[in-house]
Amino acid sequence: MSRRNSVWFLGIWIAGLLVASLGGAAGMLALGRWAAADLPDGETAEVAGDASAGKAGTEPDKKSAGVVKPSRPLAEAAEFPDPSEVAGRFTAELARLIKQNKVVAPSELFHQAQQAAKRCDVAPLPEPSEKLAPEAIFARAKPAVVVVGAVMRPRGQRGFHAALASGFVIRSDGVIVTNYHVIDAFQHARAVAAMTHDQRVLPIRRVLAADEHNDLIVLKVEAENLTPLPIAASAPVGAAVYCLSHPALDSDETETAFHTFTQGIVCGKFHLRLNGPNPLNVLAITAEYAKGSSGGPILNEHGAVVGIICQTRTLFHDQEETEPQMTWKFSRPSSSLLAMLKPAASSQ
């Protein structure tokens, strides 16, 4: 396999159905999460990779659709959330929405993406003038960063299995951005949805705009009063940047580090042929991200989006690829997203 690392590689969670791109993009994290809402009465949800399940001091909470609720203080649980509970909530809620026939088929969303225009009537919020401390950037941006995920039922299994990526809100009435390859990879799933920071699960209703070349897509969910992120025009080389996304916690992709916040700088801006013969603009950064981060925002010191996480590429010293030297973090600049959105003046 090429070491042009794809952080959207889905692993072997549904072998033979989805294949990772060799040119790579920063994407989906496959999780063994089973929805209790889809299990026979009397059975609890199975949480793959969760060593705490079934230990003394924990018991299934039937009202939370199979999420295992630990016996610990609420303040501690709020400060140190359990990733398996968050993932279990997403899977159970989306399974419930499937049963209620409240989802749009992922294949239909992918068809819309293929047919969609490259521009949509969405006015972006302008970049604020105030410079913020890192902890303030995180606090302001967290409510705007969503989980974009899908569930499917692997052959021979009783419940739903989830794969998760990242995205962010750009308009309060439910307009979100993620990578095109996320919807591409999810096209064979049973359902796809976005989950907010407070764990509301919102089915994706339609595609507003799509740019496969730049690996960007604008989606619509049914929601009101979401927190949108402002978008900056650009970021200079050397500028401090922050990534906020949902990368894997381990190499086996069993759990997600929801709302992980990393810091770095813009280390380069290039016009590259990454995924084919046609070049595109690339923003290279040093902030860390990994599988599951696809579609997450890259923020500047004002808390505005300057890039969108897409892919990594590992550079090796030797042709046998045994001596890694560095891993490039290639994202799409905010200018590529702004080109898909009509400016504020034209929408008034």
# chains A, B, ... in the order shown; residues from 1 in each chain; ligands from 1
call {"tool": "residues_around", "arguments": {"residues": "stretch 298-308 of chain A", "least_positions_apart": "5", "cutoff": "6 Å", "atoms": "only C-alpha atoms", "output": "PyMOL selection string"}}
result
chain A and resi 127+130-132+137+230-232+234+241-243+331-334
call {"tool": "residues_around", "arguments": {"residues": "stretch 245-248 of chain A", "least_positions_apart": "6", "cutoff": "6 Å", "atoms": "only C-alpha atoms", "output": "JSON, numbers by chain"}}
result
{"A": [166, 256, 257, 258, 259, 260, 290, 291, 292, 293, 296]}
call {"tool": "select_by_dssp", "arguments": {"residues": "stretch 144-289 of chain A", "states": "alpha helix (DSSP H)", "output": "list in words"}}
result
Tyr180, His181, Val182, Ile183, Asp184 and Ala185 of chain A
call {"tool": "write_last_selection", "arguments": {"atoms": "N, CA and C atoms", "output": "compact mmCIF listing (two decimals), in the first residue's frame"}}
result
# COMPACT_ATOMS: atom_id res chain seq x y z
N TYR A 180 -15.51 15.84 0.46
CA TYR A 180 -16.28 15.10 -0.55
C TYR A 180 -16.08 13.60 -0.38
N HIS A 181 -14.84 13.20 -0.05
CA HIS A 181 -14.58 11.76 0.03
C HIS A 181 -15.32 11.10 1.18
N VAL A 182 -15.78 11.88 2.17
CA VAL A 182 -16.56 11.31 3.27
C VAL A 182 -17.90 10.78 2.73
N ILE A 183 -18.61 11.60 1.96
CA ILE A 183 -19.88 11.17 1.39
C ILE A 183 -19.66 10.07 0.36
N ASP A 184 -18.57 10.14 -0.37
CA ASP A 184 -18.22 9.09 -1.32
C ASP A 184 -18.06 7.75 -0.59
N ALA A 185 -17.28 7.75 0.48
CA ALA A 185 -17.02 6.50 1.21
C ALA A 185 -18.26 5.96 1.91
call {"tool": "closest_residue", "arguments": {"among": "A:Pro106, A:Gly88, A:Pro124, A:Gly167", "to": "A:Val192", "atoms": "only C-alpha atoms"}}
result
A:Pro106
call {"tool": "residues_around", "arguments": {"residues": "A:Leu315", "least_positions_apart": "2", "cutoff": "7 Å", "atoms": "only C-alpha atoms", "output": "PDB file with C-alpha atoms, in the first residue's frame"}}
result
ATOM      1  CA  ARG A 313       1.571  11.987   3.080  1.00  0.00           C
ATOM      2  CA  HIS A 317      14.330   8.343   3.003  1.00  0.00           C
ATOM      3  CA  PRO A 324      10.181   7.642   7.608  1.00  0.00           C
ATOM      4  CA  GLN A 325      11.391  11.233   7.802  1.00  0.00           C
ATOM      5  CA  MET A 326       8.295  13.410   8.118  1.00  0.00           C
ATOM      6  CA  THR A 327       4.571  13.354   7.539  1.00  0.00           C
TER       7      THR A 327
END
call {"tool": "residues_around", "arguments": {"residues": "stretch 195-198 of chain A", "least_positions_apart": "4", "cutoff": "8 Å", "atoms": "only C-alpha atoms", "output": "list in words"}}
result
Phe90, Lys142, Pro143, Ala144, Val145, Val146, Val147, Val148, Gly149 and Leu202 of chain A
call {"tool": "write_last_selection", "arguments": {"atoms": "N, CA and C atoms", "output": "PDB file, in the first residue's frame"}}
result
ATOM      1  N   PHE A  90     -24.368   8.032  19.172  1.00  0.00           N
ATOM      2  CA  PHE A  90     -24.545   8.306  17.749  1.00  0.00           C
ATOM      3  C   PHE A  90     -25.179   7.106  17.044  1.00  0.00           C
ATOM      4  N   LYS A 142     -15.684  24.616  19.565  1.00  0.00           N
ATOM      5  CA  LYS A 142     -16.195  23.265  19.852  1.00  0.00           C
ATOM      6  C   LYS A 142     -17.669  23.087  19.496  1.00  0.00           C
ATOM      7  N   PRO A 143     -18.563  24.024  19.849  1.00  0.00           N
ATOM      8  CA  PRO A 143     -19.983  23.825  19.499  1.00  0.00           C
ATOM      9  C   PRO A 143     -20.243  23.779  17.998  1.00  0.00           C
ATOM     10  N   ALA A 144     -19.289  24.279  17.190  1.00  0.00           N
ATOM     11  CA  ALA A 144     -19.485  24.317  15.736  1.00  0.00           C
ATOM     12  C   ALA A 144     -18.930  23.090  15.028  1.00  0.00           C
ATOM     13  N   VAL A 145     -18.142  22.287  15.730  1.00  0.00           N
ATOM     14  CA  VAL A 145     -17.498  21.127  15.097  1.00  0.00           C
ATOM     15  C   VAL A 145     -18.349  19.884  15.339  1.00  0.00           C
ATOM     16  N   VAL A 146     -18.762  19.235  14.251  1.00  0.00           N
ATOM     17  CA  VAL A 146     -19.670  18.097  14.335  1.00  0.00           C
ATOM     18  C   VAL A 146     -18.961  16.796  13.967  1.00  0.00           C
ATOM     19  N   VAL A 147     -19.563  15.716  14.384  1.00  0.00           N
ATOM     20  CA  VAL A 147     -19.199  14.387  13.892  1.00  0.00           C
ATOM     21  C   VAL A 147     -20.039  14.127  12.649  1.00  0.00           C
ATOM     22  N   VAL A 148     -19.410  13.741  11.552  1.00  0.00           N
ATOM     23  CA  VAL A 148     -20.143  13.299  10.359  1.00  0.00           C
ATOM     24  C   VAL A 148     -19.903  11.801  10.255  1.00  0.00           C
ATOM     25  N   GLY A 149     -20.960  11.023  10.414  1.00  0.00           N
ATOM     26  CA  GLY A 149     -20.781   9.580  10.479  1.00  0.00           C
ATOM     27  C   GLY A 149     -21.871   8.811   9.767  1.00  0.00           C
ATOM     28  N   LEU A 202     -28.426  14.523  13.709  1.00  0.00           N
ATOM     29  CA  LEU A 202     -29.219  15.201  12.685  1.00  0.00           C
ATOM     30  C   LEU A 202     -28.957  14.553  11.332  1.00  0.00           C
TER      31      LEU A 202
END
call {"tool": "select_by_dssp", "arguments": {"residues": "stretch 165-345 of chain A", "states": "strand (DSSP E or B)", "output": "PyMOL selection string"}}
result
chain A and resi 165-171+175-178+191-195+201-211+216-221+231+240-245+248+256+260-272+280-285+297-299+305-316+324-333+341
call {"tool": "write_last_selection", "arguments": {"atoms": "C-alpha atoms", "output": "PDB file, in the first residue's frame"}}
result
ATOM      1  CA  ALA A 165     -15.394  11.617  10.332  1.00  0.00           C
ATOM      2  CA  SER A 166     -15.412  15.352  11.092  1.00  0.00           C
ATOM      3  CA  GLY A 167     -17.109  18.502   9.841  1.00  0.00           C
ATOM      4  CA  PHE A 168     -18.146  21.992  10.928  1.00  0.00           C
ATOM      5  CA  VAL A 169     -21.116  24.356  10.814  1.00  0.00           C
ATOM      6  CA  ILE A 170     -20.972  27.473   8.613  1.00  0.00           C
ATOM      7  CA  ARG A 171     -24.605  28.652   8.979  1.00  0.00           C
ATOM      8  CA  VAL A 175     -25.290  24.131   6.788  1.00  0.00           C
ATOM      9  CA  ILE A 176     -22.154  22.087   7.374  1.00  0.00           C
ATOM     10  CA  VAL A 177     -18.891  21.405   5.529  1.00  0.00           C
ATOM     11  CA  THR A 178     -16.856  18.220   5.293  1.00  0.00           C
ATOM     12  CA  ALA A 191     -27.672   6.116   6.876  1.00  0.00           C
ATOM     13  CA  VAL A 192     -25.472   9.155   7.370  1.00  0.00           C
ATOM     14  CA  ALA A 193     -25.860  11.988   9.880  1.00  0.00           C
ATOM     15  CA  ALA A 194     -24.115  14.762  11.769  1.00  0.00           C
ATOM     16  CA  MET A 195     -23.837  14.794  15.563  1.00  0.00           C
ATOM     17  CA  VAL A 201     -28.010  13.405  15.828  1.00  0.00           C
ATOM     18  CA  LEU A 202     -29.219  15.201  12.685  1.00  0.00           C
ATOM     19  CA  PRO A 203     -29.749  13.276   9.423  1.00  0.00           C
ATOM     20  CA  ILE A 204     -28.150  14.853   6.358  1.00  0.00           C
ATOM     21  CA  ARG A 205     -30.968  15.921   4.056  1.00  0.00           C
ATOM     22  CA  ARG A 206     -29.283  17.161   0.895  1.00  0.00           C
ATOM     23  CA  VAL A 207     -26.129  18.354  -0.819  1.00  0.00           C
ATOM     24  CA  LEU A 208     -25.942  22.098  -1.429  1.00  0.00           C
ATOM     25  CA  ALA A 209     -22.633  22.211  -3.322  1.00  0.00           C
ATOM     26  CA  ALA A 210     -19.781  19.844  -4.109  1.00  0.00           C
ATOM     27  CA  ASP A 211     -16.233  20.149  -5.451  1.00  0.00           C
ATOM     28  CA  LEU A 216     -15.060  19.685  -0.338  1.00  0.00           C
ATOM     29  CA  ILE A 217     -18.812  19.383   0.088  1.00  0.00           C
ATOM     30  CA  VAL A 218     -21.512  21.580   1.640  1.00  0.00           C
ATOM     31  CA  LEU A 219     -24.417  19.720   3.266  1.00  0.00           C
ATOM     32  CA  LYS A 220     -27.749  20.588   4.880  1.00  0.00           C
ATOM     33  CA  VAL A 221     -29.249  19.132   8.039  1.00  0.00           C
ATOM     34  CA  ILE A 231     -14.121  31.886   7.528  1.00  0.00           C
ATOM     35  CA  ALA A 240      -0.257  29.831  14.198  1.00  0.00           C
ATOM     36  CA  VAL A 241      -3.082  27.388  13.461  1.00  0.00           C
ATOM     37  CA  TYR A 242      -5.225  24.941  15.415  1.00  0.00           C
ATOM     38  CA  CYS A 243      -7.017  21.747  14.344  1.00  0.00           C
ATOM     39  CA  LEU A 244     -10.252  20.617  15.981  1.00  0.00           C
ATOM     40  CA  SER A 245     -11.402  17.163  14.878  1.00  0.00           C
ATOM     41  CA  ALA A 248      -8.575   7.801  16.347  1.00  0.00           C
ATOM     42  CA  THR A 256     -12.431   8.166  18.804  1.00  0.00           C
ATOM     43  CA  THR A 260      -9.206  16.853  19.926  1.00  0.00           C
ATOM     44  CA  PHE A 261      -7.423  20.228  19.729  1.00  0.00           C
ATOM     45  CA  THR A 262      -3.877  20.462  18.307  1.00  0.00           C
ATOM     46  CA  GLN A 263      -1.608  23.416  17.557  1.00  0.00           C
ATOM     47  CA  GLY A 264       0.977  24.155  14.862  1.00  0.00           C
ATOM     48  CA  ILE A 265       1.845  26.623  12.114  1.00  0.00           C
ATOM     49  CA  VAL A 266       1.278  27.006   8.398  1.00  0.00           C
ATOM     50  CA  CYS A 267       4.505  25.510   7.062  1.00  0.00           C
ATOM     51  CA  GLY A 268       3.881  25.868   3.326  1.00  0.00           C
ATOM     52  CA  LYS A 269       1.466  26.780   0.541  1.00  0.00           C
ATOM     53  CA  PHE A 270       1.769  24.805  -2.701  1.00  0.00           C
ATOM     54  CA  HIS A 271       0.078  24.117  -6.044  1.00  0.00           C
ATOM     55  CA  LEU A 272       0.325  20.322  -6.263  1.00  0.00           C
ATOM     56  CA  LEU A 280      -4.854  22.173  -6.705  1.00  0.00           C
ATOM     57  CA  ASN A 281      -3.968  24.628  -3.955  1.00  0.00           C
ATOM     58  CA  VAL A 282      -2.701  23.016  -0.771  1.00  0.00           C
ATOM     59  CA  LEU A 283      -2.175  24.430   2.715  1.00  0.00           C
ATOM     60  CA  ALA A 284       0.499  22.467   4.613  1.00  0.00           C
ATOM     61  CA  ILE A 285       0.464  22.669   8.408  1.00  0.00           C
ATOM     62  CA  PRO A 297     -11.571  22.866  10.519  1.00  0.00           C
ATOM     63  CA  ILE A 298      -8.136  24.453  10.731  1.00  0.00           C
ATOM     64  CA  LEU A 299      -8.458  27.688  12.696  1.00  0.00           C
ATOM     65  CA  VAL A 305     -11.429  28.735   9.437  1.00  0.00           C
ATOM     66  CA  VAL A 306      -8.287  28.976   7.294  1.00  0.00           C
ATOM     67  CA  GLY A 307      -8.286  25.396   6.036  1.00  0.00           C
ATOM     68  CA  ILE A 308     -10.075  22.057   5.948  1.00  0.00           C
ATOM     69  CA  ILE A 309      -8.343  18.828   6.991  1.00  0.00           C
ATOM     70  CA  CYS A 310      -7.970  16.407   4.069  1.00  0.00           C
ATOM     71  CA  GLN A 311      -4.958  14.129   3.946  1.00  0.00           C
ATOM     72  CA  THR A 312      -1.457  13.180   5.014  1.00  0.00           C
ATOM     73  CA  ARG A 313       1.571  11.987   3.080  1.00  0.00           C
ATOM     74  CA  THR A 314       4.579  10.304   4.724  1.00  0.00           C
ATOM     75  CA  LEU A 315       8.007  11.054   3.269  1.00  0.00           C
ATOM     76  CA  PHE A 316      10.547   8.224   3.390  1.00  0.00           C
ATOM     77  CA  PRO A 324      10.181   7.642   7.608  1.00  0.00           C
ATOM     78  CA  GLN A 325      11.391  11.233   7.802  1.00  0.00           C
ATOM     79  CA  MET A 326       8.295  13.410   8.118  1.00  0.00           C
ATOM     80  CA  THR A 327       4.571  13.354   7.539  1.00  0.00           C
ATOM     81  CA  TRP A 328       3.084  16.150   5.505  1.00  0.00           C
ATOM     82  CA  LYS A 329      -0.316  17.392   6.652  1.00  0.00           C
ATOM     83  CA  PHE A 330      -1.995  18.596   3.451  1.00  0.00           C
ATOM     84  CA  SER A 331      -5.261  20.509   3.818  1.00  0.00           C
ATOM     85  CA  ARG A 332      -7.430  22.620   1.552  1.00  0.00           C
ATOM     86  CA  PRO A 333      -7.160  26.389   2.055  1.00  0.00           C
ATOM     87  CA  LEU A 341     -19.989  30.191  -1.246  1.00  0.00           C
TER      88      LEU A 341
END
call {"tool": "closest_residue", "arguments": {"among": "A:Glu76, A:Glu212, A:Glu93, A:Glu321", "to": "A:Asn179", "atoms": "only C-alpha atoms"}}
result
A:Glu212
call {"tool": "residues_around", "arguments": {"residues": "A:Met340", "least_positions_apart": "2", "cutoff": "7 Å", "atoms": "only C-alpha atoms", "output": "number ranges by chain"}}
result
A: 118-120, 337-338, 342
call {"tool": "atom_distance", "arguments": {"atom1": "atom CA of A:Phe160", "atom2": "atom CA of A:Thr91"}}
result
7.0 Å
